[in-house]
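Heads up, input18.tsv below (TSV, C-alpha atoms):
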```
chain	number	residue	atom	x	y	z
Q	1	MET	CA	38.43	83.75	76.73
Q	2	GLN	CA	41.69	85.64	77.17
Q	3	LEU	CA	42.78	85.60	73.51
Q	4	LEU	CA	39.54	87.33	72.56
Q	5	LYS	CA	39.67	89.87	75.40
Q	6	ASP	CA	43.24	90.77	74.48
Q	7	ARG	CA	42.17	91.27	70.88
Q	8	ILE	CA	39.24	93.50	71.89
Q	9	LEU	CA	41.56	95.62	74.04
Q	10	ARG	CA	44.08	95.87	71.21
Q	11	ASP	CA	41.84	96.41	68.19
Q	12	GLY	CA	38.36	97.33	69.48
Q	13	LYS	CA	37.27	100.95	69.24
Q	14	VAL	CA	34.67	102.63	71.42
Q	15	PHE	CA	32.30	105.12	69.81
Q	16	PRO	CA	29.56	107.32	71.30
Q	17	GLY	CA	26.26	105.54	72.00
Q	18	ASN	CA	27.92	102.47	73.52
Q	19	VAL	CA	29.09	101.24	70.14
Q	20	LEU	CA	32.03	98.84	70.33
Q	21	LYS	CA	33.56	98.64	66.89
Q	22	VAL	CA	35.36	95.35	66.31
Q	23	ASP	CA	35.09	95.34	62.56
Q	24	SER	CA	38.81	94.85	61.99
Q	25	PHE	CA	38.59	91.22	63.18
Q	26	LEU	CA	34.97	90.20	63.92
Q	27	ASN	CA	32.22	91.60	61.74
Q	28	HIS	CA	33.52	93.29	58.62
Q	29	GLN	CA	37.06	92.00	58.27
Q	30	MET	CA	37.07	88.54	59.84
Q	31	ASP	CA	40.13	86.92	61.42
Q	32	VAL	CA	39.39	83.30	60.58
Q	33	SER	CA	42.21	81.94	62.75
Q	34	LEU	CA	40.60	83.70	65.73
Q	35	PHE	CA	37.22	82.28	64.63
Q	36	CYS	CA	38.76	78.78	64.82
Q	37	GLU	CA	39.75	79.39	68.44
Q	38	ILE	CA	36.29	80.80	69.18
Q	39	GLY	CA	34.70	77.76	67.54
Q	40	LYS	CA	36.85	75.39	69.62
Q	41	GLU	CA	35.87	77.23	72.79
Q	42	PHE	CA	32.14	77.02	72.01
Q	43	HIS	CA	32.59	73.33	71.31
Q	44	ARG	CA	34.39	72.83	74.62
Q	45	ARG	CA	31.54	74.52	76.49
Q	46	PHE	CA	28.72	72.66	74.70
Q	47	ALA	CA	30.48	69.37	73.96
Q	48	GLU	CA	28.14	67.33	76.16
Q	49	ASP	CA	24.91	68.69	74.69
Q	50	GLU	CA	24.62	66.53	71.56
Q	51	VAL	CA	24.09	69.59	69.35
Q	52	THR	CA	22.65	68.64	65.94
Q	53	LYS	CA	22.39	72.10	64.41
Q	54	ILE	CA	23.75	75.61	64.84
Q	55	LEU	CA	21.34	78.48	64.22
Q	56	THR	CA	22.59	82.02	63.61
Q	57	ILE	CA	21.39	85.20	61.96
Q	58	GLU	CA	22.73	87.02	58.93
Q	59	SER	CA	25.22	88.47	58.42
Q	60	SER	CA	27.89	88.78	61.05
Q	61	GLY	CA	27.00	85.54	62.88
Q	62	ILE	CA	27.56	83.36	59.83
Q	63	GLY	CA	31.35	83.17	59.75
Q	64	ILE	CA	31.64	82.41	63.47
Q	65	ALA	CA	28.84	79.83	63.27
Q	66	CYS	CA	30.49	78.06	60.31
Q	67	LEU	CA	33.85	77.73	62.01
Q	68	ALA	CA	32.19	76.53	65.22
Q	69	ALA	CA	30.12	74.03	63.23
Q	70	MET	CA	33.32	72.47	61.95
Q	71	TYR	CA	34.20	71.41	65.50
Q	72	PHE	CA	30.67	70.21	66.27
Q	73	GLY	CA	30.38	68.37	62.94
Q	74	VAL	CA	26.88	69.76	62.32
Q	75	PRO	CA	25.28	72.03	59.71
Q	76	VAL	CA	24.56	75.74	60.20
Q	77	VAL	CA	21.23	77.37	59.43
Q	78	PHE	CA	21.11	81.13	59.23
Q	79	ALA	CA	17.91	83.10	59.76
Q	80	LYS	CA	17.30	85.54	56.93
Q	81	LYS	CA	16.23	89.13	57.42
Q	82	ASN	CA	14.31	89.56	54.19
Q	83	LYS	CA	11.97	87.33	52.27
Q	84	THR	CA	13.55	86.55	48.91
Q	85	LYS	CA	12.37	84.83	45.75
Q	86	ASN	CA	14.37	81.78	46.77
Q	87	ILE	CA	12.42	81.03	49.93
Q	88	ALA	CA	9.17	79.43	48.96
Q	89	GLY	CA	6.76	77.54	51.14
Q	90	ASP	CA	6.48	77.44	54.86
Q	91	VAL	CA	8.77	79.36	57.17
Q	92	PHE	CA	9.14	79.98	60.87
Q	93	THR	CA	9.18	83.71	61.51
Q	94	SER	CA	9.90	86.09	64.36
Q	95	ARG	CA	10.42	89.81	64.92
Q	96	VAL	CA	13.76	91.36	65.91
Q	97	GLU	CA	14.85	94.87	66.84
Q	98	SER	CA	18.43	95.54	65.83
Q	99	PHE	CA	20.60	97.56	68.19
Q	100	THR	CA	23.18	98.24	65.47
Q	101	HIS	CA	20.83	99.12	62.66
Q	102	GLY	CA	18.19	100.78	64.81
Q	103	ARG	CA	15.28	99.13	63.04
Q	104	ILE	CA	12.74	96.32	63.38
Q	105	TYR	CA	12.67	93.45	60.93
Q	106	ASP	CA	11.33	89.95	60.51
Q	107	ILE	CA	13.62	86.94	60.55
Q	108	ILE	CA	12.70	83.72	58.83
Q	109	VAL	CA	13.90	80.14	58.65
Q	110	SER	CA	12.48	77.57	56.28
Q	111	LYS	CA	10.55	74.85	58.11
Q	112	GLU	CA	12.60	72.32	56.14
Q	113	PHE	CA	15.66	73.05	58.25
Q	114	LEU	CA	14.44	72.99	61.86
Q	115	HIS	CA	12.84	69.79	63.16
Q	116	LYS	CA	11.55	68.71	66.51
Q	117	GLU	CA	14.37	66.15	66.75
Q	118	ASP	CA	17.00	68.91	66.51
Q	119	LYS	CA	19.13	70.06	69.44
Q	120	VAL	CA	19.93	73.61	68.49
Q	121	LEU	CA	22.79	75.85	69.60
Q	122	LEU	CA	22.37	79.56	68.85
Q	123	ILE	CA	25.50	81.50	67.91
Q	124	ASP	CA	25.88	85.23	67.41
Q	125	ASP	CA	28.61	87.84	67.50
Q	126	PHE	CA	26.97	90.28	69.97
Q	127	LEU	CA	24.46	90.18	72.78
Q	128	ALA	CA	23.17	93.69	73.51
Q	129	ASN	CA	19.40	94.12	73.94
Q	130	GLY	CA	18.80	90.39	73.47
Q	131	SER	CA	16.27	90.82	70.70
Q	132	ALA	CA	18.11	88.72	68.12
Q	133	LEU	CA	18.62	85.82	70.56
Q	134	LEU	CA	14.98	85.90	71.69
Q	135	GLY	CA	13.88	85.92	68.05
Q	136	LEU	CA	16.08	82.94	67.23
Q	137	ALA	CA	14.89	81.11	70.36
Q	138	SER	CA	11.31	81.70	69.26
Q	139	LEU	CA	12.00	80.03	65.90
Q	140	VAL	CA	13.43	76.97	67.68
Q	141	LYS	CA	10.43	76.82	69.99
Q	142	ASP	CA	8.03	77.07	67.04
Q	143	ALA	CA	9.82	74.12	65.45
Q	144	GLY	CA	9.36	72.09	68.62
Q	145	ALA	CA	13.13	71.55	68.70
Q	146	THR	CA	15.33	71.47	71.81
Q	147	LEU	CA	17.19	74.69	72.57
Q	148	VAL	CA	20.58	73.76	74.01
Q	149	GLY	CA	21.84	77.29	74.67
Q	150	ALA	CA	23.51	80.27	73.09
Q	151	GLY	CA	27.16	80.99	72.36
Q	152	ILE	CA	27.96	84.70	72.18
Q	153	VAL	CA	31.30	86.22	71.27
Q	154	ILE	CA	30.85	89.61	72.99
Q	155	GLU	CA	28.17	90.38	75.56
Q	156	LYS	CA	27.50	93.98	76.52
Q	157	GLY	CA	26.98	93.26	80.21
Q	158	PHE	CA	25.73	96.79	80.91
Q	159	GLN	CA	22.75	96.32	78.60
Q	160	THR	CA	19.63	94.39	79.48
Q	161	GLY	CA	19.88	91.54	76.97
Q	162	GLY	CA	21.90	89.12	79.09
Q	163	SER	CA	19.55	89.11	82.07
Q	164	LEU	CA	16.50	89.20	79.80
Q	165	VAL	CA	17.59	86.11	77.88
Q	166	ARG	CA	18.90	84.21	80.92
Q	167	GLY	CA	15.61	85.07	82.62
Q	168	THR	CA	13.83	82.87	80.09
Q	169	GLY	CA	15.92	79.93	81.30
Q	170	LEU	CA	18.27	79.91	78.33
Q	171	ARG	CA	21.89	79.02	79.01
Q	172	VAL	CA	24.08	81.79	77.57
Q	173	GLU	CA	27.84	81.39	77.27
Q	174	SER	CA	29.60	84.66	76.41
Q	175	LEU	CA	33.32	84.54	75.63
Q	176	ALA	CA	33.89	88.18	76.60
Q	177	THR	CA	31.51	90.27	78.71
Q	178	VAL	CA	32.05	94.01	78.60
Q	179	ALA	CA	31.18	95.61	81.95
Q	180	SER	CA	31.66	99.19	80.85
Q	181	MET	CA	33.12	101.35	78.08
Q	182	GLU	CA	33.39	104.62	79.98
Q	183	ASP	CA	35.88	107.17	78.69
Q	184	GLY	CA	36.47	104.91	75.69
Q	185	THR	CA	38.09	102.20	77.83
Q	186	VAL	CA	36.74	98.65	77.69
Q	187	GLN	CA	36.43	96.92	81.09
Q	188	PHE	CA	35.46	93.24	81.25
Q	189	SER	CA	33.31	91.64	83.95
Y	1	MET	CA	34.18	69.43	41.26
Y	2	GLN	CA	32.36	66.12	41.22
Y	3	LEU	CA	31.34	66.06	44.91
Y	4	LEU	CA	29.57	69.39	44.42
Y	5	LYS	CA	27.90	68.39	41.14
Y	6	ASP	CA	26.62	65.19	42.72
Y	7	ARG	CA	25.20	67.19	45.59
Y	8	ILE	CA	23.46	69.66	43.26
Y	9	LEU	CA	21.92	66.77	41.31
Y	10	ARG	CA	20.78	65.11	44.54
Y	11	ASP	CA	19.54	68.08	46.57
Y	12	GLY	CA	19.16	71.04	44.17
Y	13	LYS	CA	15.66	72.03	43.11
Y	14	VAL	CA	14.77	73.88	39.94
Y	15	PHE	CA	12.04	76.53	40.08
Y	16	PRO	CA	10.48	78.67	37.35
Y	17	GLY	CA	12.51	81.72	36.31
Y	18	ASN	CA	15.82	79.81	36.21
Y	19	VAL	CA	16.00	79.66	39.98
Y	20	LEU	CA	18.24	76.85	41.26
Y	21	LYS	CA	17.42	76.33	44.90
Y	22	VAL	CA	20.33	74.86	46.84
Y	23	ASP	CA	19.33	76.15	50.23
Y	24	SER	CA	19.48	72.75	51.90
Y	25	PHE	CA	23.30	72.77	51.73
Y	26	LEU	CA	24.65	76.06	50.34
Y	27	ASN	CA	22.83	79.28	51.21
Y	28	HIS	CA	20.29	78.81	53.99
Y	29	GLN	CA	21.28	75.56	55.65
Y	30	MET	CA	25.03	75.22	55.13
Y	31	ASP	CA	26.88	71.92	54.96
Y	32	VAL	CA	30.16	72.98	56.52
Y	33	SER	CA	31.95	69.72	55.67
Y	34	LEU	CA	31.13	70.40	52.00
Y	35	PHE	CA	32.36	73.98	52.48
Y	36	CYS	CA	35.69	72.57	53.70
Y	37	GLU	CA	36.05	70.60	50.45
Y	38	ILE	CA	35.06	73.68	48.44
Y	39	GLY	CA	37.60	75.75	50.35
Y	40	LYS	CA	40.36	73.20	49.67
Y	41	GLU	CA	39.51	73.21	45.97
Y	42	PHE	CA	39.65	77.01	45.73
Y	43	HIS	CA	42.99	76.91	47.52
Y	44	ARG	CA	44.29	74.27	45.08
Y	45	ARG	CA	43.30	76.46	42.12
Y	46	PHE	CA	44.72	79.72	43.50
Y	47	ALA	CA	47.60	78.35	45.60
Y	48	GLU	CA	50.27	80.07	43.47
Y	49	ASP	CA	48.70	83.51	43.58
Y	50	GLU	CA	49.94	84.72	46.98
Y	51	VAL	CA	46.41	85.73	48.03
Y	52	THR	CA	46.47	88.09	51.04
Y	53	LYS	CA	42.72	88.63	51.43
Y	54	ILE	CA	39.40	87.09	50.43
Y	55	LEU	CA	36.59	89.47	49.55
Y	56	THR	CA	32.97	88.32	49.48
Y	57	ILE	CA	29.52	89.84	49.81
Y	58	GLU	CA	26.88	89.30	52.46
Y	59	SER	CA	25.23	87.02	53.24
Y	60	SER	CA	25.54	83.72	51.44
Y	61	GLY	CA	29.17	84.17	50.40
Y	62	ILE	CA	30.43	84.54	53.97
Y	63	GLY	CA	30.43	80.92	55.12
Y	64	ILE	CA	32.17	79.66	51.99
Y	65	ALA	CA	34.70	82.48	52.13
Y	66	CYS	CA	35.51	81.78	55.79
Y	67	LEU	CA	36.15	78.08	55.23
Y	68	ALA	CA	38.25	78.85	52.15
Y	69	ALA	CA	40.20	81.47	54.10
Y	70	MET	CA	41.22	78.80	56.58
Y	71	TYR	CA	43.17	77.00	53.84
Y	72	PHE	CA	44.69	80.23	52.50
Y	73	GLY	CA	45.56	81.49	55.99
Y	74	VAL	CA	44.21	84.96	55.23
Y	75	PRO	CA	41.37	87.16	56.57
Y	76	VAL	CA	37.99	87.59	54.90
Y	77	VAL	CA	36.35	90.93	54.24
Y	78	PHE	CA	32.69	90.98	53.36
Y	79	ALA	CA	31.07	93.84	51.48
Y	80	LYS	CA	27.98	95.13	53.23
Y	81	LYS	CA	24.74	95.93	51.49
Y	82	ASN	CA	23.54	98.65	53.82
Y	83	LYS	CA	25.27	101.49	55.58
Y	84	THR	CA	25.01	100.88	59.33
Y	85	LYS	CA	25.85	102.93	62.39
Y	86	ASN	CA	28.96	100.84	62.82
Y	87	ILE	CA	30.61	101.88	59.58
Y	88	ALA	CA	32.03	105.29	60.03
Y	89	GLY	CA	34.52	107.09	57.87
Y	90	ASP	CA	35.68	106.37	54.39
Y	91	VAL	CA	34.36	103.46	52.38
Y	92	PHE	CA	34.76	102.07	48.90
Y	93	THR	CA	31.36	101.72	47.30
Y	94	SER	CA	29.84	100.17	44.21
Y	95	ARG	CA	26.38	99.39	42.81
Y	96	VAL	CA	25.03	95.85	42.38
Y	97	GLU	CA	21.86	94.45	40.84
Y	98	SER	CA	20.76	91.26	42.59
Y	99	PHE	CA	19.38	88.46	40.44
Y	100	THR	CA	17.85	86.70	43.45
Y	101	HIS	CA	16.34	89.72	45.16
Y	102	GLY	CA	15.45	91.62	42.00
Y	103	ARG	CA	16.70	94.95	43.29
Y	104	ILE	CA	19.59	97.39	43.06
Y	105	TYR	CA	21.69	98.23	46.10
Y	106	ASP	CA	25.00	99.75	47.09
Y	107	ILE	CA	27.79	97.62	48.51
Y	108	ILE	CA	30.45	99.10	50.73
Y	109	VAL	CA	33.80	98.11	52.21
Y	110	SER	CA	35.68	100.22	54.70
Y	111	LYS	CA	38.89	101.66	53.24
Y	112	GLU	CA	40.69	100.32	56.31
Y	113	PHE	CA	40.43	96.77	55.01
Y	114	LEU	CA	41.53	96.94	51.37
Y	115	HIS	CA	45.01	98.25	50.62
Y	116	LYS	CA	47.02	98.60	47.46
Y	117	GLU	CA	49.44	95.91	48.69
Y	118	ASP	CA	46.61	93.35	48.89
Y	119	LYS	CA	46.21	90.46	46.46
Y	120	VAL	CA	42.49	89.82	46.57
Y	121	LEU	CA	40.53	86.69	45.72
Y	122	LEU	CA	36.78	87.18	45.28
Y	123	ILE	CA	34.53	84.35	46.47
Y	124	ASP	CA	30.78	84.01	46.01
Y	125	ASP	CA	28.18	81.27	45.95
Y	126	PHE	CA	26.58	82.09	42.57
Y	127	LEU	CA	27.56	83.73	39.31
Y	128	ALA	CA	24.43	84.65	37.33
Y	129	ASN	CA	24.32	88.13	35.79
Y	130	GLY	CA	27.79	88.96	37.08
Y	131	SER	CA	26.72	92.15	38.82
Y	132	ALA	CA	27.96	91.16	42.28
Y	133	LEU	CA	31.39	90.10	40.97
Y	134	LEU	CA	31.78	93.28	38.90
Y	135	GLY	CA	30.79	95.32	41.96
Y	136	LEU	CA	33.36	93.55	44.14
Y	137	ALA	CA	36.02	93.89	41.42
Y	138	SER	CA	35.31	97.62	41.29
Y	139	LEU	CA	35.96	97.93	45.05
Y	140	VAL	CA	39.32	96.17	44.63
Y	141	LYS	CA	40.24	98.44	41.73
Y	142	ASP	CA	39.29	101.54	43.72
Y	143	ALA	CA	41.62	100.36	46.51
Y	144	GLY	CA	44.46	100.01	44.00
Y	145	ALA	CA	44.84	96.36	45.10
Y	146	THR	CA	45.66	93.41	42.85
Y	147	LEU	CA	42.69	91.31	41.77
Y	148	VAL	CA	43.83	87.69	41.64
Y	149	GLY	CA	40.57	86.17	40.39
Y	150	ALA	CA	37.20	84.89	41.49
Y	151	GLY	CA	36.16	81.56	42.95
Y	152	ILE	CA	32.51	80.71	42.32
Y	153	VAL	CA	30.64	77.71	43.67
Y	154	ILE	CA	27.88	77.54	41.03
Y	155	GLU	CA	27.96	79.39	37.71
Y	156	LYS	CA	24.79	79.66	35.65
Y	157	GLY	CA	26.49	79.16	32.31
Y	158	PHE	CA	23.36	80.04	30.36
Y	159	GLN	CA	23.32	83.57	31.78
Y	160	THR	CA	25.55	86.40	30.66
Y	161	GLY	CA	27.59	86.93	33.82
Y	162	GLY	CA	30.41	84.49	33.10
Y	163	SER	CA	31.33	85.93	29.71
Y	164	LEU	CA	30.75	89.49	30.94
Y	165	VAL	CA	33.15	89.08	33.86
Y	166	ARG	CA	35.75	87.05	31.94
Y	167	GLY	CA	35.55	89.71	29.21
Y	168	THR	CA	37.04	92.20	31.68
Y	169	GLY	CA	40.11	89.94	31.92
Y	170	LEU	CA	39.22	88.50	35.32
Y	171	ARG	CA	40.10	84.87	35.95
Y	172	VAL	CA	36.94	83.07	37.11
Y	173	GLU	CA	37.07	79.54	38.53
Y	174	SER	CA	33.63	77.97	38.89
Y	175	LEU	CA	33.37	74.62	40.66
Y	176	ALA	CA	30.11	73.68	38.91
Y	177	THR	CA	28.78	75.32	35.75
Y	178	VAL	CA	25.15	74.71	34.97
Y	179	ALA	CA	24.57	74.56	31.19
Y	180	SER	CA	20.79	74.28	31.38
Y	181	MET	CA	17.90	73.56	33.72
Y	182	GLU	CA	15.28	72.66	31.13
Y	183	ASP	CA	12.34	70.56	32.31
Y	184	GLY	CA	13.67	70.89	35.85
Y	185	THR	CA	16.80	68.84	35.08
Y	186	VAL	CA	20.23	70.29	35.81
Y	187	GLN	CA	22.82	69.72	33.08
Y	188	PHE	CA	26.44	70.72	33.67
Y	189	SER	CA	28.83	72.11	31.02
```
Final structure tokens representation of the file:
Amino acid sequence: MQLLKDRILRDGKVFPGNVLKVDSFLNHQMDVSLFCEIGKEFHRRFAEDEVTKILTIESSGIGIACLAAMYFGVPVVFAKKNKTKNIAGDVFTSRVESFTHGRIYDIIVSKEFLHKEDKVLLIDDFLANGSALLGLASLVKDAGATLVGAGIVIEKGFQTGGSLVRGTGLRVESLATVASMEDGTVQFS
Amino acid sequence: MQLLKDRILRDGKVFPGNVLKVDSFLNHQMDVSLFCEIGKEFHRRFAEDEVTKILTIESSGIGIACLAAMYFGVPVVFAKKNKTKNIAGDVFTSRVESFTHGRIYDIIVSKEFLHKEDKVLLIDDFLANGSALLGLASLVKDAGATLVGAGIVIEKGFQTGGSLVRGTGLRVESLATVASMEDGTVQFS
């Protein structure tokens, strides 16, 4: 998606440790007009898949998932990272290792909101080590629902997540795949 | 906002400890078509205020803020609850006590994304003890920006937050104000 790649080249910043900082438009400040274009593009790619629900993970997936959901005409469910007072009863749960935060945590979704009749599209901002996507996929599997695929805004193609996730048979559509960030310069695949 | 009140009466669930569970449409599963109507209503109420930025707090404010931002044509910034690897440099910070999670945490916004020229609208899903709104307002004040007001989806009118926040001079627009939840029945003001 050229609009997105141009934006990454213009406003993305590369930091040591293969960190691509896109927080001026994607995951701290959010350019909602860009999110609309991203949502349209995900819809174009998954238009034939009869998606009934979009599943994402807090926090930075939520905005993108909501704008995409507008084009699909379906609700969004976001997996939560901590058990709160407000989630009672039965939940699907899975374990995720965050690349950004450098820690392991449980994600949960209430069983009320994933059913075996659902056709679920996963959406997230980044695909790096693949742990978040595999965790979300596991929740969908536990629900007995159909997993349609995953829409990713930025895939770090030089990390193992993409091949790991695709190796499970999951269709992954990434709008921008970063091949390398050597010398602070972003190169796309 | 009648559409919202009807939805709360239909799908909201009251739990002990004054917990109003609306996670089937607002803060776990998210009804994006309802969020569009909520966004339009916030825009109608703040249309004259030349808003340049919407500020919310992760996680459940993000979806609502993004849909509202579409009608305002402005970006969203969300305050983060934990310092991550990806936030480097200077941040505005404030302390918040969560009613839902029953804990105290710091919220942060990068100084890059709040400027003194900004006219900021705060958006959140709930107003209960007012701590989150006061924390967000403090970030805006620290940036020297103009605080236009706050748009709240559900205000718990029987808690102290509303009068506390309005007492600081902040304009608060709540789309549904719950007067009581006695015997498990929601009554609006």
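Relative to CA of Ile123 (chain Q), CA of Lys13 (chain Y) is found at 28.3 Å.
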_Long-range neighbours of Leu4 (chain Q) as a ChimeraX atom specification, 12 Å cut-off, only C-alpha atoms, 5 positions minimum in chain_ = /Q:9-12,22,25-26,31,33-39,41,152-154,174-178,188
*Neighbours of chain Y in chain Q at 6 Å, counting only C-alpha atoms, as an MDAnalysis selection string*: chainID Q and resid 28:32 59 63 66 75:78 84 101
*Pick out the closest residue to Thr93 (chain Y) from this set: Y:Lys116, Y:Leu139, Y:Asp49, Y:Phe126. Count all atoms listed in the file.*
Y:Leu139
*Can you pull out every residue within 9 Å of Gly162 (chain Y), counting only C-alpha atoms, but drop anything in the same chain fewer than 2 positions away, and send it as a ChimeraX atom specification?*
/Y:127-130,155-160,164-167,172
*Which of Y:Asp118, Y:Ser163, Y:Arg95, Y:Asp125 sits closest to Gly144 (chain Y) [using only C-alpha atoms]*: Y:Asp118
Let me have the centre and edge lengths of the axis-aligned box enclosing all listed atoms of region 106-112 of chain Y with 5 Å padding on every side, in Å to one decimal, as AutoDock Vina command-line options.
```
--center_x 32.8 --center_y 99.6 --center_z 51.7 --size_x 25.7 --size_y 14.0 --size_z 19.2
```
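The two atoms in question, CA of Glu117 (chain Q) and CA of Val96 (chain Q), are spaced 25.2 Å apart.
The spacing separating CA of Gly151 (chain Q) from CA of Leu121 (chain Q) amounts to 7.3 Å.
Comparing Q:Asp90, Q:Ala132, Q:Gly149, Q:Pro16 by their smallest distance to His43 (chain Q), the closest is Q:Gly149 (using all atoms listed in the file).
Among the candidate residues Y:Leu147, Y:Ala47, Y:Val140, Y:Leu3, the one lying nearest to Lys111 (chain Y) is Y:Val140, with distances computed using all atoms listed in the file.
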*Looking at only C-alpha atoms, which of Y:Ser98, Y:Ser189, Y:Ser131, Y:Thr146 is the one that sits closest to Thr52 (chain Y)?*
Y:Thr146
Please rebuild region 102-109 of chain Y with all heavy atoms and give the result as a compact mmCIF listing (two decimals), in the frame of the given file.
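As a result, out33.txt now contains:
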```txt
# COMPACT_ATOMS: atom_id res chain seq x y z
N GLY Y 102 16.11 90.76 42.97
CA GLY Y 102 15.45 91.62 42.00
C GLY Y 102 15.48 93.09 42.36
O GLY Y 102 14.53 93.82 42.12
N ARG Y 103 16.62 93.53 42.96
CA ARG Y 103 16.70 94.95 43.29
C ARG Y 103 18.13 95.46 43.18
O ARG Y 103 19.08 94.67 43.09
CB ARG Y 103 16.15 95.22 44.69
CG ARG Y 103 16.90 94.54 45.79
CD ARG Y 103 16.21 94.74 47.15
NE ARG Y 103 16.96 94.06 48.20
CZ ARG Y 103 17.95 94.61 48.90
NH1 ARG Y 103 18.33 95.84 48.69
NH2 ARG Y 103 18.58 93.91 49.83
N ILE Y 104 18.27 96.76 43.17
CA ILE Y 104 19.59 97.39 43.06
C ILE Y 104 19.99 97.94 44.42
O ILE Y 104 19.16 98.50 45.12
CB ILE Y 104 19.54 98.52 42.01
CG1 ILE Y 104 19.32 97.92 40.61
CG2 ILE Y 104 20.81 99.36 42.04
CD1 ILE Y 104 19.04 98.94 39.54
N TYR Y 105 21.25 97.70 44.81
CA TYR Y 105 21.69 98.23 46.10
C TYR Y 105 23.16 98.60 46.02
O TYR Y 105 23.87 98.19 45.09
CB TYR Y 105 21.45 97.19 47.21
CG TYR Y 105 22.01 95.83 46.90
CD1 TYR Y 105 23.32 95.51 47.22
CD2 TYR Y 105 21.23 94.85 46.26
CE1 TYR Y 105 23.84 94.28 46.91
CE2 TYR Y 105 21.74 93.62 45.95
CZ TYR Y 105 23.05 93.34 46.28
OH TYR Y 105 23.57 92.12 45.97
N ASP Y 106 23.59 99.38 47.00
CA ASP Y 106 25.00 99.75 47.09
C ASP Y 106 25.73 98.76 47.97
O ASP Y 106 25.18 98.29 48.96
CB ASP Y 106 25.15 101.16 47.68
CG ASP Y 106 24.62 102.22 46.74
OD1 ASP Y 106 24.94 102.14 45.55
OD2 ASP Y 106 23.88 103.11 47.19
N ILE Y 107 26.96 98.41 47.61
CA ILE Y 107 27.79 97.62 48.51
C ILE Y 107 28.95 98.50 48.97
O ILE Y 107 29.42 99.36 48.21
CB ILE Y 107 28.31 96.32 47.86
CG1 ILE Y 107 29.15 96.60 46.61
CG2 ILE Y 107 27.15 95.38 47.54
CD1 ILE Y 107 29.86 95.37 46.07
N ILE Y 108 29.37 98.27 50.19
CA ILE Y 108 30.45 99.10 50.73
C ILE Y 108 31.47 98.25 51.48
O ILE Y 108 31.14 97.21 52.07
CB ILE Y 108 29.92 100.19 51.70
CG1 ILE Y 108 29.09 99.56 52.82
CG2 ILE Y 108 29.12 101.24 50.98
CD1 ILE Y 108 28.73 100.57 53.89
N VAL Y 109 32.72 98.69 51.40
CA VAL Y 109 33.80 98.11 52.21
C VAL Y 109 34.59 99.27 52.79
O VAL Y 109 34.91 100.24 52.08
CB VAL Y 109 34.73 97.22 51.35
CG1 VAL Y 109 36.03 96.91 52.10
CG2 VAL Y 109 34.04 95.92 50.98
```
